[in-house]
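Below is data12.csv, which holds CSV, C-alpha atoms.
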```
chain,number,residue,atom,x,y,z
A,1487,MET,CA,-40.4,-14.1,-30.1
A,1488,SER,CA,-36.8,-12.9,-29.9
A,1489,GLY,CA,-34.4,-15.0,-27.9
A,1490,THR,CA,-32.5,-14.2,-24.7
A,1491,GLY,CA,-29.0,-14.8,-23.4
A,1492,PRO,CA,-25.6,-14.3,-25.0
A,1493,GLU,CA,-26.9,-14.9,-28.5
A,1494,ALA,CA,-29.6,-12.2,-28.2
A,1495,ALA,CA,-26.9,-9.9,-26.6
A,1496,ALA,CA,-24.7,-10.4,-29.6
A,1497,ASP,CA,-27.5,-9.2,-31.8
A,1498,ILE,CA,-28.2,-6.1,-29.7
A,1499,ALA,CA,-24.5,-5.3,-29.0
A,1500,PRO,CA,-23.7,-3.7,-32.4
A,1501,ARG,CA,-26.5,-1.2,-31.8
A,1502,GLY,CA,-25.1,-0.3,-28.4
A,1503,VAL,CA,-26.5,-2.1,-25.4
A,1504,TRP,CA,-25.6,0.8,-23.3
A,1505,ARG,CA,-28.6,2.7,-24.8
A,1506,ILE,CA,-31.0,0.2,-23.3
A,1507,VAL,CA,-29.4,0.6,-19.9
A,1508,THR,CA,-29.4,4.4,-20.2
A,1509,GLU,CA,-33.1,4.4,-21.1
A,1510,ARG,CA,-33.8,2.2,-18.1
A,1511,GLU,CA,-31.9,4.4,-15.7
A,1512,VAL,CA,-33.7,7.5,-17.0
A,1513,MET,CA,-37.1,5.9,-16.8
A,1514,VAL,CA,-36.5,4.6,-13.3
A,1515,LYS,CA,-35.7,8.1,-12.2
A,1516,LEU,CA,-38.7,9.6,-13.9
A,1517,ARG,CA,-41.0,7.1,-12.2
A,1518,ASP,CA,-39.4,7.8,-8.8
A,1519,ARG,CA,-41.9,9.8,-6.9
A,1520,ASN,CA,-39.4,10.9,-4.3
A,1521,PHE,CA,-37.0,12.2,-7.0
A,1522,LEU,CA,-39.7,14.1,-8.7
A,1523,ILE,CA,-41.1,15.6,-5.5
A,1524,SER,CA,-37.6,16.6,-4.3
A,1525,THR,CA,-36.9,18.3,-7.6
A,1526,VAL,CA,-40.1,20.3,-7.5
A,1527,ILE,CA,-39.5,21.2,-3.9
A,1528,THR,CA,-36.0,22.4,-4.7
A,1529,ILE,CA,-37.2,24.5,-7.6
A,1530,VAL,CA,-39.9,26.1,-5.4
A,1531,ALA,CA,-37.3,26.7,-2.7
A,1532,ILE,CA,-35.0,28.5,-5.2
A,1533,VAL,CA,-37.8,30.8,-6.5
A,1534,ALA,CA,-39.2,31.4,-2.9
A,1535,SER,CA,-35.7,32.2,-1.5
A,1536,LEU,CA,-35.1,34.8,-4.3
A,1537,ALA,CA,-38.6,36.3,-3.8
A,1538,ILE,CA,-38.0,36.6,0.0
A,1539,SER,CA,-34.6,38.0,-0.6
A,1540,GLY,CA,-36.0,40.6,-3.0
A,1541,PHE,CA,-38.8,41.5,-0.6
A,1542,MET,CA,-36.4,41.9,2.3
A,1543,SER,CA,-33.9,43.9,0.4
A,1544,GLY,CA,-36.6,46.2,-1.0
A,1545,ARG,CA,-38.4,46.7,2.3
A,1546,THR,CA,-37.9,50.1,4.0
A,1547,GLU,CA,-36.8,50.0,7.6
A,1548,THR,CA,-38.1,52.8,9.8
A,1549,VAL,CA,-35.9,54.0,12.6
A,1550,ASP,CA,-37.5,55.9,15.4
A,1551,ILE,CA,-35.2,58.2,17.3
A,1552,ALA,CA,-36.1,59.8,20.7
A,1553,VAL,CA,-35.0,63.5,20.5
A,1554,THR,CA,-34.9,66.4,23.0
A,1555,GLY,CA,-35.4,69.9,21.5
A,1556,THR,CA,-36.3,71.2,18.1
A,1557,ASP,CA,-32.6,71.1,16.9
A,1558,ALA,CA,-32.4,67.4,17.4
A,1559,GLY,CA,-35.6,66.9,15.5
A,1560,GLN,CA,-34.2,68.9,12.6
A,1561,VAL,CA,-31.1,66.7,12.6
A,1562,VAL,CA,-33.3,63.6,12.3
A,1563,GLN,CA,-35.4,65.2,9.5
A,1564,THR,CA,-32.2,66.1,7.6
A,1565,ALA,CA,-30.9,62.5,8.1
A,1566,GLY,CA,-34.1,61.2,6.5
A,1567,ASP,CA,-33.7,63.6,3.6
A,1568,LEU,CA,-30.2,62.4,3.0
A,1569,ALA,CA,-31.3,58.7,3.1
A,1570,ASP,CA,-34.0,59.5,0.5
A,1571,LEU,CA,-31.4,61.1,-1.8
A,1572,ALA,CA,-29.1,58.1,-1.4
A,1573,ASP,CA,-32.1,55.8,-2.3
A,1574,SER,CA,-31.5,53.9,0.9
A,1575,ASN,CA,-34.0,51.5,2.4
A,1576,VAL,CA,-34.0,53.3,5.7
A,1577,ALA,CA,-36.4,56.0,6.9
A,1578,PHE,CA,-36.1,58.2,10.1
A,1579,THR,CA,-38.8,59.4,12.4
A,1580,SER,CA,-38.4,61.4,15.7
A,1581,THR,CA,-40.2,61.1,19.0
A,1582,PRO,CA,-39.9,64.1,21.3
A,1583,VAL,CA,-39.0,63.4,24.9
A,1584,ALA,CA,-38.5,65.7,27.9
A,1585,ASP,CA,-34.8,65.1,28.7
A,1586,LEU,CA,-31.8,62.8,28.5
A,1587,ALA,CA,-33.2,60.4,31.2
A,1588,ALA,CA,-36.4,60.0,29.3
A,1589,ALA,CA,-34.5,59.3,26.0
A,1590,GLU,CA,-32.3,56.7,27.7
A,1591,GLN,CA,-35.3,55.0,29.3
A,1592,GLN,CA,-37.2,54.8,26.0
A,1593,VAL,CA,-34.1,53.3,24.3
A,1594,ARG,CA,-33.7,50.8,27.2
A,1595,ASP,CA,-37.3,49.8,27.1
A,1596,GLY,CA,-37.2,49.3,23.3
A,1597,GLU,CA,-39.8,51.9,22.6
A,1598,VAL,CA,-37.5,53.7,20.2
A,1599,ASP,CA,-34.5,52.5,18.2
A,1600,ALA,CA,-32.1,55.2,19.3
A,1601,GLY,CA,-31.8,58.5,21.1
A,1602,LEU,CA,-30.3,61.9,20.1
A,1603,VAL,CA,-29.5,64.5,22.7
A,1604,ALA,CA,-27.3,67.6,22.6
A,1605,GLY,CA,-23.9,67.1,24.1
A,1606,PRO,CA,-20.8,69.2,24.8
A,1607,GLY,CA,-19.8,70.7,21.4
A,1608,GLY,CA,-22.1,68.4,19.4
A,1609,TRP,CA,-24.6,65.6,19.7
A,1610,ARG,CA,-24.8,62.3,21.5
A,1611,LEU,CA,-26.4,59.2,19.9
A,1612,ILE,CA,-27.7,56.6,22.3
A,1613,GLY,CA,-28.2,52.9,21.4
A,1614,LYS,CA,-29.3,50.0,23.4
A,1615,GLU,CA,-26.9,47.2,22.7
A,1616,SER,CA,-24.9,48.0,19.6
A,1617,VAL,CA,-24.1,50.7,17.0
A,1618,ASN,CA,-26.7,51.0,14.2
A,1619,ASP,CA,-24.5,51.8,11.2
A,1620,ASP,CA,-27.4,53.5,9.3
A,1621,VAL,CA,-28.3,55.7,12.2
A,1622,ASN,CA,-24.6,56.6,12.9
A,1623,THR,CA,-23.9,57.4,9.2
A,1624,TYR,CA,-26.9,59.5,8.3
A,1625,VAL,CA,-27.4,61.3,11.7
A,1626,THR,CA,-23.7,62.1,11.9
A,1627,THR,CA,-23.7,63.5,8.3
A,1628,ALA,CA,-26.9,65.4,8.9
A,1629,ALA,CA,-25.5,67.0,12.1
A,1630,GLN,CA,-22.3,68.0,10.3
A,1631,GLN,CA,-24.2,69.5,7.4
A,1632,LEU,CA,-26.4,71.6,9.7
A,1633,ALA,CA,-23.4,72.7,11.7
A,1634,LEU,CA,-21.6,73.8,8.6
A,1635,GLN,CA,-24.6,75.7,7.4
A,1636,ARG,CA,-25.0,77.6,10.6
A,1637,ASN,CA,-21.2,78.4,10.7
A,1638,ALA,CA,-21.3,79.5,7.1
A,1639,GLU,CA,-24.2,81.9,7.8
A,1640,ALA,CA,-22.4,83.2,10.9
A,1641,ALA,CA,-19.3,83.9,8.7
A,1642,GLY,CA,-21.4,85.7,6.0
A,1643,THR,CA,-21.0,83.0,3.4
A,1644,SER,CA,-23.0,79.9,2.2
A,1645,LEU,CA,-22.7,76.2,2.4
A,1646,GLU,CA,-22.3,76.0,-1.4
A,1647,GLU,CA,-19.3,78.4,-1.3
A,1648,LEU,CA,-17.7,76.4,1.5
A,1649,GLY,CA,-18.1,73.2,-0.5
A,1650,ARG,CA,-16.9,74.6,-3.8
A,1651,GLY,CA,-14.3,72.3,-5.4
A,1652,GLY,CA,-15.1,69.4,-3.1
A,1653,GLN,CA,-17.5,67.5,-5.4
A,1654,VAL,CA,-16.5,63.9,-6.2
A,1655,THR,CA,-17.8,61.7,-9.0
A,1656,TYR,CA,-17.3,58.0,-9.2
A,1657,ASP,CA,-16.8,56.5,-12.6
A,1658,VAL,CA,-16.7,52.7,-13.0
A,1659,LEU,CA,-14.5,51.5,-15.9
A,1660,ASP,CA,-16.0,48.0,-16.1
A,1661,GLU,CA,-19.8,48.5,-15.8
A,1662,SER,CA,-20.4,44.8,-16.7
A,1663,ALA,CA,-18.5,43.6,-13.6
A,1664,VAL,CA,-20.4,41.4,-11.2
A,1665,ASP,CA,-21.0,42.7,-7.6
A,1666,PRO,CA,-18.5,40.9,-5.3
A,1667,GLY,CA,-21.2,40.1,-2.8
A,1668,PHE,CA,-23.5,38.6,-5.5
A,1669,ALA,CA,-20.5,36.6,-7.0
A,1670,GLN,CA,-19.8,35.1,-3.6
A,1671,ILE,CA,-23.4,34.1,-3.2
A,1672,MET,CA,-23.2,32.4,-6.7
A,1673,THR,CA,-20.1,30.6,-5.6
A,1674,PHE,CA,-21.9,29.1,-2.6
A,1675,VAL,CA,-24.8,28.1,-4.9
A,1676,PHE,CA,-22.5,26.4,-7.3
A,1677,ALA,CA,-20.8,24.5,-4.5
A,1678,PHE,CA,-24.1,23.5,-2.9
A,1679,LEU,CA,-25.6,22.3,-6.2
A,1680,PHE,CA,-22.4,20.3,-6.9
A,1681,TYR,CA,-22.6,18.6,-3.5
A,1682,ILE,CA,-26.4,17.8,-3.7
A,1683,ALA,CA,-26.2,16.5,-7.3
A,1684,SER,CA,-23.1,14.4,-6.7
A,1685,ILE,CA,-24.4,12.8,-3.6
A,1686,LEU,CA,-28.0,12.3,-4.8
A,1687,PHE,CA,-27.2,10.7,-8.2
A,1688,GLY,CA,-23.9,9.1,-7.1
A,1689,MET,CA,-25.4,7.3,-4.2
A,1690,SER,CA,-28.3,6.2,-6.5
A,1691,ILE,CA,-25.7,4.6,-8.8
A,1692,ALA,CA,-23.9,2.9,-6.0
A,1693,GLN,CA,-27.1,1.5,-4.5
A,1694,SER,CA,-28.4,0.3,-7.8
A,1695,VAL,CA,-25.1,-1.6,-8.4
A,1696,VAL,CA,-25.0,-3.2,-5.0
A,1697,GLU,CA,-28.7,-4.2,-5.1
A,1698,GLU,CA,-28.1,-5.9,-8.5
A,1699,LYS,CA,-25.1,-7.6,-7.0
A,1700,GLN,CA,-26.8,-8.6,-3.7
A,1701,ASN,CA,-29.8,-10.0,-5.5
A,1702,ARG,CA,-27.6,-11.8,-8.1
A,1703,ILE,CA,-29.4,-10.0,-10.9
A,1704,VAL,CA,-26.0,-8.9,-12.1
A,1705,GLU,CA,-25.2,-12.6,-13.0
A,1706,ILE,CA,-28.2,-12.6,-15.3
A,1707,LEU,CA,-27.2,-9.2,-16.8
A,1708,ALA,CA,-23.6,-10.4,-17.3
A,1709,SER,CA,-24.8,-13.4,-19.3
A,1710,ALA,CA,-26.9,-11.1,-21.5
A,1711,ILE,CA,-24.8,-7.9,-22.0
A,1712,PRO,CA,-21.2,-6.9,-21.6
A,1713,LEU,CA,-20.4,-5.4,-18.2
A,1714,ARG,CA,-18.7,-2.5,-19.9
A,1715,GLN,CA,-21.9,-1.6,-21.6
A,1716,LEU,CA,-23.8,-1.9,-18.3
A,1717,LEU,CA,-21.4,0.6,-16.7
A,1718,ILE,CA,-21.6,3.0,-19.6
A,1719,GLY,CA,-25.4,3.0,-19.6
A,1720,LYS,CA,-25.6,3.7,-15.9
A,1721,ILE,CA,-23.1,6.5,-16.1
A,1722,ILE,CA,-24.7,8.2,-19.1
A,1723,GLY,CA,-28.3,7.7,-17.8
A,1724,ASN,CA,-27.6,9.3,-14.4
A,1725,THR,CA,-25.4,12.0,-16.0
A,1726,LEU,CA,-28.3,13.0,-18.3
A,1727,MET,CA,-30.7,13.2,-15.3
A,1728,ALA,CA,-28.2,15.2,-13.3
A,1729,PHE,CA,-27.8,17.5,-16.3
A,1730,GLY,CA,-31.5,17.9,-16.7
A,1731,GLN,CA,-32.0,18.7,-13.0
A,1732,LEU,CA,-29.2,21.3,-12.9
A,1733,VAL,CA,-30.7,23.0,-16.0
A,1734,LEU,CA,-34.0,23.2,-14.3
A,1735,PHE,CA,-32.5,24.7,-11.1
A,1736,ALA,CA,-30.4,27.2,-13.1
A,1737,ALA,CA,-33.4,28.2,-15.2
A,1738,ALA,CA,-35.5,28.6,-12.0
A,1739,GLY,CA,-32.9,30.8,-10.5
A,1740,LEU,CA,-32.4,33.0,-13.6
A,1741,ALA,CA,-36.1,33.3,-14.1
A,1742,GLY,CA,-36.6,34.3,-10.4
A,1743,LEU,CA,-34.0,37.0,-10.8
A,1744,ALA,CA,-35.6,38.3,-14.0
A,1745,VAL,CA,-39.1,38.4,-12.4
A,1746,MET,CA,-37.6,40.4,-9.5
A,1747,GLY,CA,-36.3,42.9,-12.0
A,1748,ASN,CA,-32.6,42.0,-11.5
A,1749,THR,CA,-32.1,41.6,-15.2
A,1750,GLU,CA,-28.5,42.9,-14.9
A,1751,TYR,CA,-27.7,40.0,-12.6
A,1752,VAL,CA,-29.2,37.5,-15.1
A,1753,THR,CA,-27.0,38.7,-18.0
A,1754,GLN,CA,-23.9,38.8,-15.8
A,1755,ILE,CA,-24.3,35.4,-14.2
A,1756,ALA,CA,-25.9,33.4,-17.0
A,1757,GLY,CA,-22.5,32.7,-18.6
A,1758,ALA,CA,-21.0,31.4,-15.4
A,1759,ALA,CA,-24.0,29.2,-14.7
A,1760,GLY,CA,-23.8,27.7,-18.2
A,1761,TRP,CA,-20.1,26.9,-17.7
A,1762,PHE,CA,-20.9,25.4,-14.3
A,1763,ILE,CA,-23.3,23.0,-15.9
A,1764,VAL,CA,-20.8,22.0,-18.6
A,1765,PHE,CA,-18.0,21.5,-16.1
A,1766,PHE,CA,-20.4,19.4,-13.9
A,1767,VAL,CA,-21.5,17.1,-16.7
A,1768,VAL,CA,-17.9,16.4,-17.7
A,1769,GLY,CA,-16.7,15.9,-14.1
A,1770,PHE,CA,-19.7,13.8,-13.2
A,1771,LEU,CA,-18.8,11.2,-15.8
A,1772,ALA,CA,-15.8,10.5,-13.7
A,1773,LEU,CA,-17.6,10.7,-10.4
A,1774,ALA,CA,-20.4,8.5,-11.6
A,1775,SER,CA,-17.9,5.8,-12.6
A,1776,LEU,CA,-16.3,6.0,-9.1
A,1777,TRP,CA,-19.7,5.7,-7.5
A,1778,ALA,CA,-20.4,2.6,-9.6
A,1779,VAL,CA,-17.0,1.2,-8.4
A,1780,ALA,CA,-18.1,1.9,-4.8
A,1781,GLY,CA,-21.2,-0.2,-5.4
A,1782,SER,CA,-19.3,-3.0,-7.1
A,1783,LEU,CA,-16.8,-3.3,-4.2
A,1784,ALA,CA,-19.7,-3.8,-1.7
A,1785,THR,CA,-21.8,-7.0,-1.4
A,1786,ARG,CA,-24.6,-5.3,0.6
A,1787,ASN,CA,-26.0,-1.8,1.3
A,1788,GLU,CA,-24.3,-1.8,4.7
A,1789,ASP,CA,-20.9,-2.0,3.0
A,1790,LEU,CA,-21.5,1.2,1.0
A,1791,GLN,CA,-20.6,3.4,4.0
A,1792,SER,CA,-17.1,2.0,3.9
A,1793,THR,CA,-16.5,1.7,0.1
A,1794,SER,CA,-17.9,5.2,-0.6
A,1795,THR,CA,-16.0,7.0,2.2
A,1796,PRO,CA,-13.1,8.1,0.0
A,1797,LEU,CA,-15.5,9.5,-2.6
A,1798,SER,CA,-17.7,11.2,0.0
A,1799,MET,CA,-14.5,12.9,1.4
A,1800,LEU,CA,-13.5,14.0,-2.1
A,1801,ILE,CA,-16.9,15.7,-2.6
A,1802,MET,CA,-16.7,17.4,0.8
A,1803,ILE,CA,-13.2,18.7,-0.1
A,1804,VAL,CA,-14.5,20.1,-3.3
A,1805,LEU,CA,-17.5,21.7,-1.5
A,1806,PHE,CA,-15.3,23.5,1.1
A,1807,LEU,CA,-12.6,24.5,-1.4
A,1808,GLY,CA,-15.3,25.9,-3.7
A,1809,ILE,CA,-16.8,28.0,-0.9
A,1810,PHE,CA,-13.6,29.2,0.9
A,1811,ALA,CA,-10.8,29.2,-1.7
A,1812,SER,CA,-9.9,32.7,-2.9
A,1813,GLY,CA,-7.1,34.6,-4.6
A,1814,THR,CA,-4.2,32.4,-5.7
A,1815,ALA,CA,-5.7,29.2,-4.1
A,1816,GLN,CA,-8.9,29.7,-6.2
A,1817,THR,CA,-6.9,30.3,-9.4
A,1818,VAL,CA,-4.8,27.2,-8.9
A,1819,THR,CA,-7.8,24.9,-8.0
A,1820,SER,CA,-9.7,26.2,-11.0
A,1821,TYR,CA,-7.4,24.0,-13.0
A,1822,VAL,CA,-7.5,21.0,-10.7
A,1823,PRO,CA,-10.0,18.4,-12.1
A,1824,ILE,CA,-13.2,17.9,-10.1
A,1825,VAL,CA,-12.5,20.9,-7.9
A,1826,SER,CA,-12.6,23.1,-11.0
A,1827,ILE,CA,-16.3,22.2,-11.3
A,1828,VAL,CA,-16.9,24.9,-8.7
A,1829,THR,CA,-13.9,27.1,-8.6
A,1830,MET,CA,-13.7,27.9,-12.4
A,1831,PRO,CA,-17.3,29.0,-12.6
A,1832,ALA,CA,-16.8,31.0,-9.4
A,1833,ARG,CA,-13.9,32.9,-11.1
A,1834,LEU,CA,-16.1,33.5,-14.1
A,1835,ALA,CA,-18.9,34.8,-11.9
A,1836,GLU,CA,-16.5,37.3,-10.3
A,1837,GLY,CA,-14.9,38.2,-13.6
A,1838,SER,CA,-11.3,37.2,-12.7
A,1839,ALA,CA,-10.9,34.5,-15.4
A,1840,ALA,CA,-9.8,35.2,-19.0
A,1841,TRP,CA,-12.0,33.9,-21.8
A,1842,TRP,CA,-9.5,31.0,-22.6
A,1843,GLU,CA,-9.1,29.8,-19.1
A,1844,PRO,CA,-12.3,27.7,-18.8
A,1845,LEU,CA,-11.4,26.1,-22.2
A,1846,VAL,CA,-8.0,24.9,-20.9
A,1847,SER,CA,-9.5,23.8,-17.5
A,1848,LEU,CA,-12.3,21.9,-19.2
A,1849,ALA,CA,-9.8,20.1,-21.5
A,1850,ILE,CA,-7.8,19.1,-18.4
A,1851,MET,CA,-11.0,17.9,-16.8
A,1852,ALA,CA,-12.1,15.9,-19.8
A,1853,ALA,CA,-8.7,14.2,-20.1
A,1854,THR,CA,-8.7,13.3,-16.4
A,1855,ALA,CA,-12.3,12.1,-16.6
A,1856,TYR,CA,-11.4,9.8,-19.4
A,1857,GLY,CA,-8.5,8.3,-17.5
A,1858,ILE,CA,-10.7,7.8,-14.3
A,1859,VAL,CA,-13.5,6.1,-16.3
A,1860,VAL,CA,-11.0,3.7,-17.9
A,1861,VAL,CA,-9.5,2.7,-14.6
A,1862,ALA,CA,-12.9,2.6,-12.9
A,1863,GLU,CA,-14.3,0.4,-15.6
A,1864,ARG,CA,-11.5,-2.1,-15.0
A,1865,ILE,CA,-12.2,-2.2,-11.2
A,1866,TYR,CA,-15.9,-2.4,-11.8
A,1867,ARG,CA,-15.7,-5.3,-14.2
A,1868,ARG,CA,-13.3,-7.3,-12.0
A,1869,SER,CA,-15.2,-6.7,-8.7
A,1870,LEU,CA,-18.8,-6.9,-9.8
A,1871,MET,CA,-19.0,-10.7,-10.0
A,1872,GLN,CA,-17.1,-11.1,-6.6
A,1873,THR,CA,-19.9,-11.8,-4.1
A,1874,GLN,CA,-17.9,-13.5,-1.3
A,1875,GLY,CA,-17.4,-10.3,0.6
A,1876,ARG,CA,-16.5,-6.6,0.5
A,1877,LEU,CA,-13.4,-5.9,-1.6
A,1878,THR,CA,-10.7,-3.2,-1.4
A,1879,TYR,CA,-9.5,-1.3,-4.4
A,1880,ARG,CA,-6.2,-3.2,-4.4
A,1881,GLN,CA,-8.0,-6.6,-4.1
A,1882,ALA,CA,-10.3,-5.6,-7.0
A,1883,LEU,CA,-7.3,-4.7,-9.2
A,1884,SER,CA,-5.7,-8.0,-8.5
A,1885,VAL,CA,-8.7,-10.0,-9.6
A,1886,GLU,CA,-8.3,-11.7,-13.0
A,1887,ASP,CA,-10.7,-10.7,-15.7
```
Written form, C-alpha cells:
Amino acid sequence: MSGTGPEAAADIAPRGVWRIVTEREVMVKLRDRNFLISTVITIVAIVASLAISGFMSGRTETVDIAVTGTDAGQVVQTAGDLADLADSNVAFTSTPVADLAAAEQQVRDGEVDAGLVAGPGGWRLIGKESVNDDVNTYVTTAAQQLALQRNAEAAGTSLEELGRGGQVTYDVLDESAVDPGFAQIMTFVFAFLFYIASILFGMSIAQSVVEEKQNRIVEILASAIPLRQLLIGKIIGNTLMAFGQLVLFAAAGLAGLAVMGNTEYVTQIAGAAGWFIVFFVVGFLALASLWAVAGSLATRNEDLQSTSTPLSMLIMIVLFLGIFASGTAQTVTSYVPIVSIVTMPARLAEGSAAWWEPLVSLAIMAATAYGIVVVAERIYRRSLMQTQGRLTYRQALSVED
C-alpha cells in the first residue's frame, strides 16, 4: 500500500498534484444533482424561450376595425393587401356599424381594435387608449393610395403615371451585418451568462475553500500537497466545468435558432459566441483565483458575505457595463480586462470590431489574468492556514510564508 503524508506527496508532485485536485473538483460537480438539474433546466429554458419567441414573432395578429360605409371598408381591405405585400404579421378585418357613435362605443367596449369613419377632407381613426402603429401606418397608406387613384381618374390619368420616377430601391452594402436589435439581445445574453457562471462557480470555489478551512481539512491537505498545487487544481477544475456549461448553453441557443429556421443568425452570431467563451475562460482563471482568496480570508461561511463583497461588486459592474455601455464607452471597455469578457464579444456581434481587436484585447486579458493569479496565489497561501479569525487583504499580505 502506498504511503501518505509529505513523502507520498513528494512522489506525486512531479506528476502534478494539481491534476488530482482538478479531477476531484470536476467529479464533485458531476455528482452534484443540483448542478446537473440546474444545467438541464437552463438548457431547456434557452430552447423554450427561442421557440416561444419564434412562435410569437411568426404569429399573425388580426386587427378588427369598425367602419361606417363602403368606402371605409375598402380602405381597410386595401390596408390588408398592403400588409400582405409587406409580408407583415398583421391582418385587417372590418366590422360595419351604423354611425360614428356606434363605432366609438364598440372601440370603448373592446369589441373592435379601432374604428374608421369619414371626416372633413379625409378619414378619422379611433383608438381606445393609444395609437396602434400598424393600424396607423397601413390604414393611412391605404387611404392615401385610394385618394390618389380617385384623383388621378378625375384628372384623366392613372396612378402609375402619377407615381412615375418615384420608385425607390434599398441596397444593403454589407449583407452579412447583424441586425442591431438581435445584436443587442446577444449582448444581454453574454452579460447574463457571464454573471450566472461567475457567481455559480465562483461561490462554489469560495465555499469549498472555507469549508476545508473551517473543518481543518486544509491542514491535512497542506501536509500532503503544496498549497499552490491545491489552488491551481481548484481553478482549473472549476474553469473546465464553467467552460463545458457555457459550451452547452451556446450550442443549445445556436441549435434552437437553426431549428427555428434562423440560420442566418446562426452564422452571424456563432463567431461572437465562440469569442465570448474564449474570453470567459481566460478571464475566469483570474476570477476563480480571487474567489479562492475570498474563501481563504474567511473562517466560516458567514464571513463569505464580507470577504466576497468586492468581487461581487466587480461582477455586477461588468454586468451593467456589458448591457448598457455603447459607442466610445463600449469600445474603451472592450480592452479593459474582465469587462472585455462581455463588451468585446458584444462589439463582434454588432460588427463594430476589426478582426485584430479581439486578439489584442485577449492578450491584455491573459497578461492581467496571469498577474492576478500570481498575487492571488500569494494571498491564498498566506491566509489559508490562519484560522483565528477573518482576515483582510492587507493582513493576509503581511503574514509570513
Subject >> Closest of A:Ala1588, A:Ile1682, A:Arg1867, A:Ser1709 to A:Met1802 - atom-to-atom distances counting all atoms listed in the file >> reply: A:Ile1682
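For the atom pair formed by atom CA of A:Phe1762 and atom CA of A:Leu1686, the distance is 17.7 Å, given to one decimal.
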Original post:
Taking into account all atoms listed in the file, which residue in the set A:Leu1877, A:Ala1778, A:Ile1551, A:Leu1845 is nearest to A:Ser1690?
Top reply: A:Ala1778
Subject >> For A:Thr1725, the nearest of the candidates A:Val1768, A:Gln1591, A:Val1514, A:Glu1615, counting all atoms listed in the file >> reply: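 Of all the options, A:Val1768 lies closest to A:Thr1725.
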**OP:** Mind giving me the straight-line distance from atom CA of A:Ser1539 to atom CA of A:Asn1520 in Å, one decimal?
**Re:**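 Here the two named atoms are 27.8 Å from each other.
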**OP:** Write out as a PyMOL selection string each polymer residue whose atoms come within 8 Å of stretch 1531-1533 of chain A, counting only C-alpha atoms; drop sequence neighbours fewer than 6 positions from it.
**Re:** chain A and resi 1735+1738-1739+1742
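If you measure from each of A:Glu1836, A:Asp1585, A:Asp1620, A:Asp1518 to A:Ala1565 using all atoms listed in the file, the closest one turns out to be A:Asp1620.
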Original post:
Which of these, A:Ala1741, A:Ala1534, A:Ile1721, A:Ile1527, has the shortest distance to A:Val1767 once you count only C-alpha atoms?
Top reply: A:Ile1721
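With all atoms listed in the file as the atoms that count, the minimum distance from A:Gly1555 to the choices A:Val1603, A:Val1576, A:Ser1782, A:Ala1835 is reached by A:Val1603.
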**OP:** Write out as a ChimeraX atom specification which residues come within 12 Å of A:Val1818 when counting only C-alpha atoms, dropping same-chain ones fewer than 6 positions away.
**Re:** /A:1807-1808,1811-1812,1825-1826,1829-1830,1833,1839,1843,1847
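A straight line drawn from atom CA of A:Val1598 to atom CA of A:Gly1559 is 14.1 Å long.
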**OP:** With a distance cut-off of 12 Å and only C-alpha atoms, select the neighbouring residues of A:Thr1581, excluding the residue or stretch itself and same-chain residues fewer than 5 positions from it, and output the selection as a list in words.
**Re:**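 The filter keeps Val1549, Asp1550, Ile1551, Ala1552, Val1553, Thr1554, Gly1555, Thr1556, Ala1558, Gly1559, Gln1560, Val1562, Gln1563, Ala1588, Ala1589, Gln1592, Val1593, Glu1597, Val1598, Asp1599, Ala1600, Gly1601, Leu1602 and Val1603 of chain A.
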